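Visitor: Sharing a structure, written as structure tokens. Questions coming.
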Amino acid sequence: MLRLEKRPQPSQVWTYLTPLLAVVITMIMGAALFAALGKDPVAAITTIFWEPLFGEFAFYYRPQLLIKGAPLVLIAIGLSLGFRAGIWNIGAEGQYIIGALTGAGVGLAFYPMESWVIFPLMVLAGAFGGWIWAMIPAVLKLRFGTNEILVSLMLVYVAEKLLAAMALGLMKNPEGMGFPGSRNLRQYDSAHNAELITGSGMHWGVVAAMIAVIFAYILLNRHILGYHIRLTGQAPRAARFAGVRPARLVLFCLGTSGALAGLAGMFEVAGPAGQVSIDFNVGYGFTAIIVAFLGRLHPVGILLAGLLMALTYIGGELAQSNLGLPAAAIQLFQGMLLFFLLAVDVLTNYRIRLSRPEVA
Amino acid sequence: MEFGSINPVLLLASLMVAATPILLAALGELVVERAGVLNLGVEGMMIIGAICGFAVAVNTGSPVLGFVAAAGGGALLSLLFAILTQFALANQVASGLALTLFGLGLSALLGQGYVGIKPPPIGKLDIPLLGDIPLLGPVLFSHDLMVYFGLTLVVAIWAMLKYSRAGLVLRAVGENHDAAHALGYKVVRIRVLAILFGGACAGLGGAYISLIRVPQWTEGMTAGAGWIALALVVFASWKAGRVLLGAWIFGGVTVLQLNLQAAGIAIPVEYLSMSPYLITILVLVIMSADRSRAPASLGRIFHASQ
């Protein structure tokens, strides 16, 4: 009979191995899924994971890796801080939308003036929008003890409705001939989050993501606040005795993750997306949850996991057009990854022992 | 704008219908949480129930079989959650989120061929004499079977938790799993059964949306109903009777805002449709002051070490 025995310390080896194991299992199960859908499993897996990087048109897809990876990494870094401390912000999608709205709003307000200050102002506005949206669950949690999971999630739906209202109303392009959606910020130089190096996919959002990774690493490993975050997650009681103030952590973790998600939204709307439209958000805020866990809530891990998830997005689109794989199959594939990750995670904290039934 | 076009009797009647999906899902989650497990995957189980019920009902022509399949589908998905949290001892919050993400993806995949189809209609249960009472008749006594099933379930769960031995054991497991284990109760087995029951209820709730309330299949059609159901359990302080009250309030808000949209009030549709979510937050704020009612072992991992 199989029996679980708790390890005195989480296993170092398995901490690194479990994400890889989860990816491998997901690939195998994904291949089985694609086969069940009547597609060649090997072709599907290579289309998703190999073609975008080393295939014939890799020069086109590689920049996409940064474009799709940047928002994922940016959001996931913020989420990971809270997740470590047991503060669950799962409404990053909403903060992402609000960041895009405030950022784009500032840009559109200045139209058609050209000035170098506009883009930095938009960046600030985007971060502020996400921060404010995340402050709602934070303040409600501190003031009334409201569950931040439910409030932050409810606010995603509110943000989606607000996005629709803005795309159809206040921010609608007056020269858009009645079509929903704002002016295209890509045609407005001062507000355009342009590629920094042509053909690389590198834009300001990628830079911000890199900075976030570095800062999160320093925070968690070298700063007392990062230590408090880790302590609260691992031993809440001990943390309180050590003088950690939970209220400050809640404000900091939710605020930071909101601001980063807002930034991600702002960079997306000013660059790759270009305009505020009803279907602007594509679920980065939720996929980032998978990225955060897959990266083991570690900044460097998140960077790698973000790139991997970006690859599944790009490869998924490719498989959609080349093999006719349904879009939902990719969504399911990403969901499976989190599932298997959580399942194999048991190996990190527990040892599996074979035991005979004991004779009393 | 004409408020006169809103008929209060029809409003109350459709309130009962609008409340049923979240009522069913919340009742299931209530049992799960009373057993000490926090399953945040209600949204995922509902949407799976919605597509399973829809697909089976369309293919067999029988809505009843559809509902049976929905309960089965929801329970099957919740089994994954049970394996993760009860056997692999994974974090319940993360596992619940995983369940929702997975369920949304799977339902979109399963539902590809079903967009734009009408499901077979379900007969209304017109109770002969009672249904003819003015006012009360249309409000209370002329609904489909599932509305009454939901109401029966409220009473059944209330009685089960309060008076039966099984209910006592379930609550013991939820309040203190170590003590329950020491008394010889099978904590894991009881929790797995509770999770499966919760999954089946959420599945029924989802199928109610796709088969009766809307009735058609669109991707992500539950639109947060599962999360509202989770909020409802907190609102109800983990009591079955108050889940019903809460479901009616939310049903009422939903129906009222839909009616206001139809009446052509000057507020844009987008702002009106925010109201159920905003009301949920408001209610959570009001109810969260009293957290003493939450099962003591809620969300904690149980590992029997010798």
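Chain labels run A, B, ... following the order of the structure tokens; each chain numbers its residues from 1, and ligands are numbered from 1 in the order shown.
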Using only C-alpha atoms and a distance of at most 7 Å, pull out the residues of chain A that contact chain B, as a list in words.
Guide: Leu140, Phe144, Gly145, Thr146, Leu150, Val151, Met154, Val158, Lys161, Leu162, Ala164, Ala165, Ala328, Ala329, Gln331, Leu332, Gly335, Met336, Leu338, Phe339, Leu342, Ala343 and Val346 of chain A
Visitor: Contacts of A:Gly181 at 8 Å or less, counting only C-alpha atoms, minus same-chain residues fewer than 3 places along, as a list in words?
Guide: Ala167, Leu168, Met171, Lys172, Asn173, Gly176, Gln275, Val276, Ser277 and Ile278 of chain A
Visitor: Tell me, as a VMD selection string, which residues lie within 9 Å of B:Val173, counting only C-alpha atoms; anything in the same chain fewer than 3 positions away does not count.
Guide: chain B and resid 34 to 36 168 to 170 176 to 181 185 to 187 190 to 191 297
Visitor: For the selection you just gave me, I'd like the residues written to a file as a compact mmCIF listing (two decimals), in the first residue's frame, keeping all heavy atoms.
Guide:
```
# COMPACT_ATOMS: atom_id res chain seq x y z
N ARG B 34 -18.96 22.86 4.87
CA ARG B 34 -19.24 22.36 6.22
C ARG B 34 -18.38 21.15 6.53
O ARG B 34 -18.14 20.84 7.69
CB ARG B 34 -20.73 21.99 6.36
CG ARG B 34 -21.66 23.18 6.48
CD ARG B 34 -21.36 24.10 7.63
NE ARG B 34 -21.87 23.69 8.92
CZ ARG B 34 -23.05 24.05 9.42
NH1 ARG B 34 -23.84 24.83 8.76
NH2 ARG B 34 -23.42 23.66 10.62
N ALA B 35 -17.91 20.44 5.47
CA ALA B 35 -17.00 19.32 5.69
C ALA B 35 -15.55 19.80 5.81
O ALA B 35 -14.63 18.99 5.90
CB ALA B 35 -17.12 18.31 4.55
N GLY B 36 -15.35 21.13 5.76
CA GLY B 36 -14.02 21.67 5.98
C GLY B 36 -13.18 21.82 4.73
O GLY B 36 -11.97 22.02 4.80
N LEU B 168 -24.16 15.31 11.52
CA LEU B 168 -23.32 15.57 12.69
C LEU B 168 -21.87 15.18 12.40
O LEU B 168 -20.93 15.92 12.71
CB LEU B 168 -23.87 14.78 13.88
CG LEU B 168 -23.20 15.06 15.23
CD1 LEU B 168 -23.48 16.49 15.65
CD2 LEU B 168 -23.69 14.09 16.28
N VAL B 169 -21.70 14.01 11.77
CA VAL B 169 -20.35 13.55 11.44
C VAL B 169 -19.70 14.52 10.46
O VAL B 169 -18.54 14.92 10.62
CB VAL B 169 -20.40 12.13 10.84
CG1 VAL B 169 -19.03 11.72 10.34
CG2 VAL B 169 -20.92 11.13 11.86
N LEU B 170 -20.47 14.95 9.46
CA LEU B 170 -19.95 15.89 8.46
C LEU B 170 -19.47 17.17 9.13
O LEU B 170 -18.38 17.68 8.85
CB LEU B 170 -21.04 16.21 7.44
CG LEU B 170 -20.60 17.09 6.27
CD1 LEU B 170 -20.16 16.22 5.12
CD2 LEU B 170 -21.69 18.02 5.82
N ASN B 176 -13.29 20.03 13.28
CA ASN B 176 -12.00 19.61 13.81
C ASN B 176 -11.65 18.24 13.24
O ASN B 176 -12.06 17.21 13.77
CB ASN B 176 -12.06 19.56 15.34
CG ASN B 176 -10.68 19.33 15.93
OD1 ASN B 176 -9.79 18.80 15.26
ND2 ASN B 176 -10.51 19.73 17.16
N HIS B 177 -10.87 18.23 12.14
CA HIS B 177 -10.65 16.95 11.46
C HIS B 177 -9.78 16.00 12.28
O HIS B 177 -9.92 14.80 12.18
CB HIS B 177 -10.13 17.13 10.04
CG HIS B 177 -8.97 18.06 9.89
ND1 HIS B 177 -8.80 18.85 8.78
CD2 HIS B 177 -7.94 18.35 10.70
CE1 HIS B 177 -7.70 19.57 8.92
NE2 HIS B 177 -7.17 19.29 10.07
N ASP B 178 -8.91 16.57 13.11
CA ASP B 178 -8.07 15.68 13.92
C ASP B 178 -8.90 14.93 14.95
O ASP B 178 -8.73 13.73 15.15
CB ASP B 178 -6.97 16.50 14.61
CG ASP B 178 -5.98 17.04 13.59
OD1 ASP B 178 -5.64 16.29 12.65
OD2 ASP B 178 -5.58 18.20 13.70
N ALA B 179 -9.82 15.66 15.60
CA ALA B 179 -10.68 15.01 16.59
C ALA B 179 -11.57 13.97 15.92
O ALA B 179 -11.74 12.86 16.44
CB ALA B 179 -11.53 16.06 17.30
N ALA B 180 -12.12 14.34 14.75
CA ALA B 180 -12.99 13.40 14.04
C ALA B 180 -12.21 12.15 13.66
O ALA B 180 -12.72 11.03 13.78
CB ALA B 180 -13.56 14.07 12.80
N HIS B 181 -10.96 12.33 13.26
CA HIS B 181 -10.11 11.20 12.89
C HIS B 181 -9.86 10.32 14.11
O HIS B 181 -9.94 9.09 14.04
CB HIS B 181 -8.80 11.72 12.32
CG HIS B 181 -7.81 10.65 12.00
ND1 HIS B 181 -8.01 9.75 10.98
CD2 HIS B 181 -6.63 10.32 12.57
CE1 HIS B 181 -6.99 8.92 10.94
NE2 HIS B 181 -6.14 9.24 11.89
N TYR B 185 -13.70 8.39 12.54
CA TYR B 185 -14.40 8.72 11.30
C TYR B 185 -13.40 8.82 10.16
O TYR B 185 -12.27 9.28 10.34
CB TYR B 185 -15.17 10.03 11.44
CG TYR B 185 -16.26 9.95 12.47
CD1 TYR B 185 -16.30 10.82 13.55
CD2 TYR B 185 -17.25 8.97 12.36
CE1 TYR B 185 -17.28 10.73 14.50
CE2 TYR B 185 -18.23 8.87 13.32
CZ TYR B 185 -18.26 9.75 14.39
OH TYR B 185 -19.24 9.65 15.33
N LYS B 186 -13.84 8.40 8.98
CA LYS B 186 -12.95 8.43 7.82
C LYS B 186 -13.00 9.84 7.22
O LYS B 186 -13.87 10.13 6.39
CB LYS B 186 -13.40 7.41 6.78
CG LYS B 186 -13.52 6.00 7.32
CD LYS B 186 -12.16 5.38 7.46
CE LYS B 186 -12.25 3.95 7.94
NZ LYS B 186 -10.99 3.49 8.54
N VAL B 187 -12.08 10.70 7.66
CA VAL B 187 -12.12 12.10 7.26
C VAL B 187 -12.05 12.23 5.74
O VAL B 187 -12.87 12.92 5.13
CB VAL B 187 -10.95 12.88 7.92
CG1 VAL B 187 -10.90 14.30 7.39
CG2 VAL B 187 -11.11 12.88 9.42
N ILE B 190 -15.22 10.95 3.86
CA ILE B 190 -16.36 11.86 4.03
C ILE B 190 -16.18 13.11 3.19
O ILE B 190 -17.10 13.58 2.52
CB ILE B 190 -16.52 12.21 5.53
CG1 ILE B 190 -16.99 10.98 6.29
CG2 ILE B 190 -17.50 13.36 5.71
CD1 ILE B 190 -16.81 11.07 7.78
N ARG B 191 -14.96 13.62 3.19
CA ARG B 191 -14.72 14.85 2.42
C ARG B 191 -14.84 14.60 0.93
O ARG B 191 -15.39 15.43 0.21
CB ARG B 191 -13.33 15.40 2.76
CG ARG B 191 -13.33 16.06 4.11
CD ARG B 191 -12.07 16.81 4.39
NE ARG B 191 -12.26 17.62 5.58
CZ ARG B 191 -11.29 18.20 6.27
NH1 ARG B 191 -10.04 18.05 5.87
NH2 ARG B 191 -11.55 18.92 7.32
N SER B 297 -12.13 24.02 10.49
CA SER B 297 -11.06 23.39 9.71
C SER B 297 -11.10 23.79 8.24
O SER B 297 -10.44 23.17 7.42
CB SER B 297 -11.17 21.86 9.80
OG SER B 297 -10.78 21.44 11.08
```
Visitor: Can you tell me which residues surround B:Ala75 at a distance of at most 8 Å, considering only C-alpha atoms, apart from same-chain residues fewer than 4 positions away, and format the answer as a count of residues only?
Guide: 10
Visitor: In Å, rounded to a single decimal, give me how far atom CA of A:Ala259 is from atom CA of A:Ala238.
Guide: 29.1 Å
Visitor: May I have the residues within 8 Å of A:Leu294 as a PyMOL selection string, using only C-alpha atoms and disregarding those fewer than 2 positions away in the same chain?
Guide: chain A and resi 19+290-292+296-297+301-302+305+338+341
Visitor: Please write the residues from the selection above to a file, keeping N, CA, C and O atoms, as a PDB file, in the first residue's frame.
Guide:
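File part35.pdb, as written:
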```
ATOM      1  N   PRO A  19       8.256  21.174 -11.602  1.00  0.00           N
ATOM      2  CA  PRO A  19       7.711  21.897 -12.764  1.00  0.00           C
ATOM      3  C   PRO A  19       8.046  21.204 -14.078  1.00  0.00           C
ATOM      4  O   PRO A  19       7.200  21.101 -14.972  1.00  0.00           O
ATOM      5  N   ILE A 290      -1.243  30.570 -13.466  1.00  0.00           N
ATOM      6  CA  ILE A 290      -0.534  29.338 -13.817  1.00  0.00           C
ATOM      7  C   ILE A 290       0.965  29.613 -13.880  1.00  0.00           C
ATOM      8  O   ILE A 290       1.776  28.835 -13.373  1.00  0.00           O
ATOM      9  N   VAL A 291       1.321  30.748 -14.496  1.00  0.00           N
ATOM     10  CA  VAL A 291       2.740  31.096 -14.628  1.00  0.00           C
ATOM     11  C   VAL A 291       3.385  31.214 -13.249  1.00  0.00           C
ATOM     12  O   VAL A 291       4.474  30.694 -13.015  1.00  0.00           O
ATOM     13  N   ALA A 292       2.698  31.888 -12.324  1.00  0.00           N
ATOM     14  CA  ALA A 292       3.262  32.091 -10.984  1.00  0.00           C
ATOM     15  C   ALA A 292       3.531  30.755 -10.300  1.00  0.00           C
ATOM     16  O   ALA A 292       4.596  30.544  -9.719  1.00  0.00           O
ATOM     17  N   ARG A 296       7.153  28.376  -9.527  1.00  0.00           N
ATOM     18  CA  ARG A 296       7.360  28.104  -8.108  1.00  0.00           C
ATOM     19  C   ARG A 296       7.431  29.397  -7.305  1.00  0.00           C
ATOM     20  O   ARG A 296       8.148  29.491  -6.320  1.00  0.00           O
ATOM     21  N   LEU A 297       6.714  30.439  -7.729  1.00  0.00           N
ATOM     22  CA  LEU A 297       6.651  31.727  -7.046  1.00  0.00           C
ATOM     23  C   LEU A 297       8.038  32.359  -6.899  1.00  0.00           C
ATOM     24  O   LEU A 297       8.258  33.216  -6.057  1.00  0.00           O
ATOM     25  N   GLY A 301      12.137  31.651 -11.881  1.00  0.00           N
ATOM     26  CA  GLY A 301      11.238  30.590 -12.343  1.00  0.00           C
ATOM     27  C   GLY A 301      10.077  31.171 -13.127  1.00  0.00           C
ATOM     28  O   GLY A 301       9.679  30.638 -14.165  1.00  0.00           O
ATOM     29  N   ILE A 302       9.540  32.295 -12.637  1.00  0.00           N
ATOM     30  CA  ILE A 302       8.406  32.932 -13.302  1.00  0.00           C
ATOM     31  C   ILE A 302       8.807  33.417 -14.695  1.00  0.00           C
ATOM     32  O   ILE A 302       8.041  33.298 -15.646  1.00  0.00           O
ATOM     33  N   ALA A 305       8.832  30.359 -16.788  1.00  0.00           N
ATOM     34  CA  ALA A 305       7.468  29.852 -16.966  1.00  0.00           C
ATOM     35  C   ALA A 305       6.671  30.780 -17.884  1.00  0.00           C
ATOM     36  O   ALA A 305       5.871  30.320 -18.707  1.00  0.00           O
ATOM     37  N   LEU A 338      -1.439  23.353 -14.871  1.00  0.00           N
ATOM     38  CA  LEU A 338      -1.565  23.706 -13.455  1.00  0.00           C
ATOM     39  C   LEU A 338      -2.007  22.500 -12.641  1.00  0.00           C
ATOM     40  O   LEU A 338      -1.522  22.267 -11.528  1.00  0.00           O
ATOM     41  N   LEU A 341       0.861  20.110 -12.195  1.00  0.00           N
ATOM     42  CA  LEU A 341       1.847  20.729 -11.322  1.00  0.00           C
ATOM     43  C   LEU A 341       1.447  20.556  -9.865  1.00  0.00           C
ATOM     44  O   LEU A 341       2.246  20.151  -9.015  1.00  0.00           O
TER      45      LEU A 341
END
```
Visitor: For B:Thr222, which residue out of B:Leu11, B:Met146, B:Ile47, B:Ile265 is the nearest one, using only C-alpha atoms?
Guide: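 Closest to B:Thr222, using only C-alpha atoms: B:Ile47.
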Visitor: Can you list, as a PyMOL selection string, every protein, DNA or RNA residue that comes within 10 Å of B:Leu27 when you count only C-alpha atoms, leaving out same-chain residues fewer than 2 positions away?
Guide: chain B and resi 22-25+29-33+150+153-154+157-158+197-198+201-202+205+229-230+232-233+238-241+243-244
Visitor: Go ahead and write the selection's residues with C-alpha atoms as a tab-separated table (two decimals), in the first residue's frame.
Guide:
```tsv
chain	number	residue	atom	x	y	z
B	22	ILE	CA	-26.84	29.92	-7.85
B	23	LEU	CA	-29.07	28.32	-5.23
B	24	LEU	CA	-28.17	24.81	-6.42
B	25	ALA	CA	-24.46	25.55	-6.71
B	29	GLU	CA	-20.68	24.29	-1.84
B	30	LEU	CA	-22.31	24.72	1.57
B	31	VAL	CA	-22.05	20.99	2.20
B	32	VAL	CA	-18.46	20.94	0.94
B	33	GLU	CA	-17.45	23.81	3.21
B	150	GLY	CA	-33.84	23.39	-5.46
B	153	LEU	CA	-32.81	20.48	-1.49
B	154	VAL	CA	-32.71	23.47	0.87
B	157	ILE	CA	-29.75	19.80	3.52
B	158	TRP	CA	-30.98	21.86	6.45
B	197	PHE	CA	-22.01	16.09	-3.92
B	198	GLY	CA	-20.90	19.70	-4.33
B	201	CYS	CA	-25.03	20.32	-7.40
B	202	ALA	CA	-22.85	22.82	-9.26
B	205	GLY	CA	-26.92	24.67	-11.48
B	229	ALA	CA	-22.50	31.09	-5.33
B	230	LEU	CA	-19.28	31.01	-3.30
B	232	LEU	CA	-23.54	33.30	-1.14
B	233	VAL	CA	-22.21	30.63	1.22
B	238	TRP	CA	-22.94	28.44	6.27
B	239	LYS	CA	-26.69	27.93	6.89
B	240	ALA	CA	-28.98	26.34	4.29
B	241	GLY	CA	-32.02	28.54	4.95
B	243	VAL	CA	-28.62	30.44	1.22
B	244	LEU	CA	-32.18	30.49	-0.12
```
Visitor: Rounded to one decimal, what separation in Å do you get between atom CA of A:His192 and atom CA of A:Ile67?
Guide: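 One can read the atom CA of A:His192 to atom CA of A:Ile67 distance as 14.5 Å.
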Visitor: Could you tell me which of A:Ala270, A:Ile77, A:Leu4, A:Val282 comes closest to A:Leu254 if we count only C-alpha atoms?
Guide: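 Looking at the shortest contact to A:Leu254, the residue is A:Ile77.
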Visitor: Need the shell around B:Trp248: protein/DNA/RNA residues with any atom at most 9 Å away, counting only C-alpha atoms. Skip same-chain ones fewer than 3 positions apart. Format as a list in words?
Guide: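 That gives Leu15, Met16, Ala18, Ala19, Thr20, Leu23, Val243, Leu244, Leu245, Gly251, Gly252 and Val253 of chain B.
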Visitor: Using only C-alpha atoms for the distances, tell me which of B:Val155, B:Leu183, B:Ile122, B:Ala82 is nearest to B:Gly61.
Guide: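 The closest residue to B:Gly61 is B:Ile122.
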Visitor: Go through stretch 32-161 of chain A and collect every residue that DSSP, computed from the backbone, puts in alpha helix (DSSP H); the answer should be as a VMD selection string.
Guide: chain A and resid 32 to 36 41 to 49 51 to 54 58 to 84 92 to 110 118 to 144 148 to 161
Visitor: Between atom CA of A:Gly315 and atom CA of A:Ala44, what distance in Å does the model show, to one decimal?
Guide: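 Separation of atom CA of A:Gly315 and atom CA of A:Ala44: 9.0 Å.
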Visitor: Counting only C-alpha atoms, figure out which residue out of B:Ile267, B:Ala225, B:Ala262, B:Val115 gets nearest to B:Phe250.
Guide: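 Smallest separation from B:Phe250 among the options: B:Ala225.
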Visitor: When distances are computed from only C-alpha atoms, which of A:Gly91, A:Gly226, A:Pro174, A:Gly258 shows the smallest separation from A:His298?
Guide: A:Gly226
Visitor: B:Thr218, B:Phe302, B:Leu161, B:Ser78: which is nearest B:Val192, counting only C-alpha atoms?
Guide: B:Ser78
